[in-house]
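Engineer: There's a structure below that I have some questions on.
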Number of protein chains: 2
Amino acid sequence: MAEPRRRRAATVEKVSRLLDATEELMLSEGYAAVSSRSVAARIDITAPLLHYYFPTIDDLFVAVLRRRAEQMLARTRAALSSPQPLRAWWELVSDPRGTGLIVEFVAAANHRPALRTEVGLVARELRRLQMEALASILGEYGLDPEDFPPALVAAAVQGLAFAVVADRAAGHDTAHEQAAAAMARLVARLEDRRERRPAE
Amino acid sequence: MAEPRRRRAATVEKVSRLLDATEELMLSEGYAAVSSRSVAARIDITAPLLHYYFPTIDDLFVAVLRRRAEQMLARTRAALSSPQPLRAWWELVSDPRGTGLIVEFVAAANHRPALRTEVGLVARELRRLQMEALASILGEYGLDPEDFPPALVAAAVQGLAFAVVADRAAGHDTAHEQAAAAMARLVARLEDRRERRPAE
DNA sequence: GCGAAGTTAGAACGACTGTTAAAAATTAGA
DNA sequence: TCTAATTTTTAACAGTCGTTCTAACTTCGC
């Protein structure tokens, strides 16, 4: 009957530090480096304590994914409804941390069913958001929806970010910088074109 | 002095079956599912025997990567010098097996230094090949190299394939099919345009 | 201060990992 | 057929993994 006592202040902060440490580990050493002991050690706690907050490692991964997904969804929404949607969106997906994490999650989902369904959920939601926003603004950029449907533009922008990040991770190549620079110019030109033809 | 006796016939075939099994495992369950015992079991041999052929697991990964890389390089060369370079190239990178493996290798390289340098090598070589070929044919498609430099086109094509594959893996979404279809149309239109302006 | 709830540490489990050592089986070349 | 090189198996090592159990410690609400 008595309502459960609320968690202590230290707890909620510890949980967020756990999520931070997990992200950090995934980015620096890959998702396979994530284990109850390795993550716990990063914030000076013991493995069983981690399991007190996250019963299974899958729970931990899902929590990290959910937190990041909410942030990504919010930022994507904001970018796509900003004055320069394309530019803001490109800057967002160009963040190597965000895109790097996505790569890790996609790979991790490959052999973790629990994560797989969750990744799928997030991916669909994100795609839905993008398609909806793009459908109403692509015309303003002078892009024929017949030739460049929202699905293509969405995949291209996201994929280009993948390629640039993967290239950067693979070695010291200058190609990705050229590609990123060229993409930035292309986006700028499109934004320019859009500005000169206000509401058709 | 006496030259070392040559390997038995069964050996070379066993090695190739080991590489096949490793690829299969990487694609179906992710690179993290690869272990001396799991791979060995797939072709009914024991783990120590695997280590007889590949002293360390890194050696195994590198061998798989090298074999695949040679194939990819050859196919890319062929595609880019075919009658319809862009279409052939797009079809090549659209192969989910190839692109799926790349994703796994990029993720695996994250915490396997030996693999990291090898992946970097392959990536650079592949990129060099693409840039060289694209530099001489992009003009034929009516693409201004100022707006669409080879580096951008290369990253976009490769990245688009990533996005489509990742989407497909994440769940049953129709967006990737729309994107792939739109890309195929775009490529077809470009090939068309090119055909109508032979050698400028 | 008391009792209960929330939090933490220690020890241990069974399963799996990469890898090695040693010995046995198989095969090639003389 | 003999011998030496090649291939294969068995057993075992030290380490890590996820997770659970237990008992202790800390804090909250009264």
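In the structure tokens, chains take the letters A, B, ... in the order shown, each chain's residues start at 1, and ligands count up from 1 in the order shown.
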Quick one: contact table of chain A to chain C, 8 Å max, nearest atom pair and distance in Å to one decimal per residue, counting only C-alpha atoms (C1' of nucleotides), chain and number order, as JSON lines?
Structural biologist:
{"residue": "A:Arg5", "atom": "CA", "partner": "C:DA5", "partner_atom": "C1'", "distance": 6.9}
{"residue": "A:Arg7", "atom": "CA", "partner": "C:DG6", "partner_atom": "C1'", "distance": 7.1}
{"residue": "A:Arg8", "atom": "CA", "partner": "C:DG6", "partner_atom": "C1'", "distance": 7.7}
{"residue": "A:Thr46", "atom": "CA", "partner": "C:DA9", "partner_atom": "C1'", "distance": 7.7}
{"residue": "A:Leu49", "atom": "CA", "partner": "C:DT8", "partner_atom": "C1'", "distance": 6.9}
Engineer: Quick one: write out the picked residues with N, CA, C and O atoms as an mmCIF file, in the first residue's frame?
Structural biologist:
data_model
loop_
_atom_site.group_PDB
_atom_site.id
_atom_site.type_symbol
_atom_site.label_atom_id
_atom_site.label_comp_id
_atom_site.auth_asym_id
_atom_site.auth_seq_id
_atom_site.Cartn_x
_atom_site.Cartn_y
_atom_site.Cartn_z
ATOM 1 N N ARG A 5 9.358 4.239 -1.808
ATOM 2 C CA ARG A 5 10.188 5.402 -1.526
ATOM 3 C C ARG A 5 10.939 5.813 -2.786
ATOM 4 O O ARG A 5 11.283 4.980 -3.610
ATOM 5 N N ARG A 7 13.946 7.116 -5.331
ATOM 6 C CA ARG A 7 15.370 6.803 -5.438
ATOM 7 C C ARG A 7 16.189 7.969 -4.894
ATOM 8 O O ARG A 7 15.756 9.120 -4.916
ATOM 9 N N ARG A 8 17.347 7.634 -4.441
ATOM 10 C CA ARG A 8 18.206 8.685 -3.893
ATOM 11 C C ARG A 8 18.776 9.535 -5.022
ATOM 12 O O ARG A 8 18.852 9.107 -6.176
ATOM 13 N N THR A 46 31.327 -1.412 -9.097
ATOM 14 C CA THR A 46 31.541 -2.830 -9.375
ATOM 15 C C THR A 46 30.483 -3.352 -10.355
ATOM 16 O O THR A 46 29.423 -2.750 -10.510
ATOM 17 N N LEU A 49 26.889 -3.987 -9.203
ATOM 18 C CA LEU A 49 26.111 -2.762 -9.004
ATOM 19 C C LEU A 49 25.505 -2.292 -10.319
ATOM 20 O O LEU A 49 24.376 -1.802 -10.358
#
Engineer: Using only C-alpha atoms (C1' of nucleotides), which chain D residues lie at most 9 Å away from chain B, written as a PyMOL selection string?
Structural biologist: chain D and resi 5-9
Engineer: Put those residues in a file: N, CA, C and O atoms (P, O5', C5', C4', C3', O3' and C1' of nucleotides), as a PDB file, in the first residue's frame.
Structural biologist:
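Generated output (again_19.pdb):
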ATOM      1  P    DA D   5      61.933 -32.940 -42.049  1.00  0.00           P
ATOM      2  O5'  DA D   5      60.634 -32.238 -42.633  1.00  0.00           O
ATOM      3  C5'  DA D   5      60.337 -32.374 -44.019  1.00  0.00           C
ATOM      4  C4'  DA D   5      58.840 -32.404 -44.219  1.00  0.00           C
ATOM      5  C3'  DA D   5      58.096 -31.244 -43.534  1.00  0.00           C
ATOM      6  O3'  DA D   5      57.316 -30.607 -44.518  1.00  0.00           O
ATOM      7  C1'  DA D   5      57.083 -33.330 -43.004  1.00  0.00           C
ATOM      8  P    DT D   6      56.516 -29.326 -44.206  1.00  0.00           P
ATOM      9  O5'  DT D   6      55.048 -29.910 -44.004  1.00  0.00           O
ATOM     10  C5'  DT D   6      54.481 -30.695 -45.045  1.00  0.00           C
ATOM     11  C4'  DT D   6      53.155 -31.263 -44.568  1.00  0.00           C
ATOM     12  C3'  DT D   6      52.190 -30.235 -43.964  1.00  0.00           C
ATOM     13  O3'  DT D   6      51.002 -30.295 -44.714  1.00  0.00           O
ATOM     14  C1'  DT D   6      52.349 -32.175 -42.600  1.00  0.00           C
ATOM     15  P    DT D   7      49.841 -29.253 -44.487  1.00  0.00           P
ATOM     16  O5'  DT D   7      48.912 -30.066 -43.469  1.00  0.00           O
ATOM     17  C5'  DT D   7      48.286 -31.260 -43.915  1.00  0.00           C
ATOM     18  C4'  DT D   7      47.708 -32.003 -42.740  1.00  0.00           C
ATOM     19  C3'  DT D   7      46.565 -31.305 -41.991  1.00  0.00           C
ATOM     20  O3'  DT D   7      45.407 -32.087 -42.183  1.00  0.00           O
ATOM     21  C1'  DT D   7      48.069 -32.391 -40.516  1.00  0.00           C
ATOM     22  P    DT D   8      43.995 -31.527 -41.733  1.00  0.00           P
ATOM     23  O5'  DT D   8      43.910 -32.084 -40.243  1.00  0.00           O
ATOM     24  C5'  DT D   8      43.695 -33.484 -40.038  1.00  0.00           C
ATOM     25  C4'  DT D   8      43.763 -33.818 -38.562  1.00  0.00           C
ATOM     26  C3'  DT D   8      42.806 -33.039 -37.661  1.00  0.00           C
ATOM     27  O3'  DT D   8      41.722 -33.887 -37.316  1.00  0.00           O
ATOM     28  C1'  DT D   8      44.943 -33.412 -36.661  1.00  0.00           C
ATOM     29  P    DT D   9      40.601 -33.380 -36.296  1.00  0.00           P
ATOM     30  O5'  DT D   9      41.216 -33.941 -34.944  1.00  0.00           O
ATOM     31  C5'  DT D   9      41.647 -35.293 -34.885  1.00  0.00           C
ATOM     32  C4'  DT D   9      42.002 -35.672 -33.453  1.00  0.00           C
ATOM     33  C3'  DT D   9      41.032 -35.158 -32.392  1.00  0.00           C
ATOM     34  O3'  DT D   9      40.767 -36.216 -31.483  1.00  0.00           O
ATOM     35  C1'  DT D   9      43.241 -34.430 -31.898  1.00  0.00           C
TER      36       DT D   9
END
Engineer: Please, which residues in chain B fall within 7 Å of chain A when counting only C-alpha atoms, and what is the closest atom pair and distance in Å to one decimal for each, ordered by chain then residue number, as a Markdown table?
Structural biologist:
| residue | atom | partner | partner_atom | distance |
| --- | --- | --- | --- | --- |
| B:Glu29 | CA | A:His111 | CA | 4.8 |
| B:Gly30 | CA | A:Asn110 | CA | 5.3 |
| B:Ala32 | CA | A:Ala32 | CA | 6.7 |
| B:Glu104 | CA | A:Ala107 | CA | 6.3 |
| B:Val106 | CA | A:Ala166 | CA | 6.8 |
| B:Ala107 | CA | A:Glu104 | CA | 6.3 |
| B:Asn110 | CA | A:Gly30 | CA | 5.3 |
| B:His111 | CA | A:Glu29 | CA | 4.8 |
| B:Arg116 | CA | A:Ala170 | CA | 6.6 |
| B:Val119 | CA | A:Ala170 | CA | 6.2 |
| B:Gly120 | CA | A:Ala170 | CA | 4.4 |
| B:Arg124 | CA | A:Asp173 | CA | 6.9 |
| B:Asp147 | CA | A:Leu186 | CA | 6.7 |
| B:Ala151 | CA | A:Ala179 | CA | 4.9 |
| B:Leu152 | CA | A:Ala179 | CA | 4.2 |
| B:Ala155 | CA | A:Ala163 | CA | 5.6 |
| B:Ala156 | CA | A:Leu160 | CA | 5.0 |
| B:Gln158 | CA | A:Ala163 | CA | 6.6 |
| B:Gly159 | CA | A:Gly159 | CA | 3.9 |
| B:Leu160 | CA | A:Gly159 | CA | 4.7 |
| B:Phe162 | CA | A:Gly159 | CA | 5.9 |
| B:Ala163 | CA | A:Gly159 | CA | 4.8 |
| B:Val164 | CA | A:Ala155 | CA | 6.9 |
| B:Ala166 | CA | A:Val106 | CA | 6.8 |
| B:Ala170 | CA | A:Gly120 | CA | 4.4 |
| B:Gly171 | CA | A:Gly120 | CA | 5.0 |
| B:Asp173 | CA | A:Arg124 | CA | 6.9 |
| B:Ala175 | CA | A:Ala151 | CA | 5.7 |
| B:Gln178 | CA | A:Ala151 | CA | 6.0 |
| B:Ala179 | CA | A:Leu152 | CA | 4.2 |
| B:Ala182 | CA | A:Leu152 | CA | 6.2 |
| B:Met183 | CA | A:Leu152 | CA | 6.8 |
| B:Leu186 | CA | A:Asp147 | CA | 6.7 |
Engineer: With distances taken over only C-alpha atoms, which of A:Ala88, A:Ala41, A:Ala21, A:Leu80 is nearest to A:Phe61?
Structural biologist: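 Among the listed residues, A:Ala21 lies closest to A:Phe61.
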Engineer: What is the atom CA of A:Ala133 to atom CA of A:Trp89 distance in Å?
Structural biologist: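 We find that atom CA of A:Ala133 and atom CA of A:Trp89 lie 11.1 Å from each other.
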Engineer: Among stretch 4-128 of chain B, which ones does DSSP place in helix (DSSP H, G or I), written as a ChimeraX atom specification?
Structural biologist: /B:9-29,31-33,36-42,47-53,57-80,85-93,96-109,113-128
Engineer: Can you work out the spacing between atom CA of B:Gly98 and atom CA of B:Met72 in Å, to one decimal?
Structural biologist: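 We find that atom CA of B:Gly98 and atom CA of B:Met72 lie 8.2 Å from each other.
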Engineer: What is the atom CA of B:Glu70-atom CA of B:Arg97 distance in Å, reported with one decimal?
Structural biologist: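 The value is 15.2 Å.
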Engineer: Do you know which residues are at most 10 Å from B:Thr76 counting only C-alpha atoms (C1' of nucleotides), after dropping those on the same chain fewer than 5 positions away, and could you put them as JSON, numbers by chain?
Structural biologist: {"B": [70, 71, 81, 82, 85, 88, 89, 90, 92, 93, 126, 129, 130, 133]}
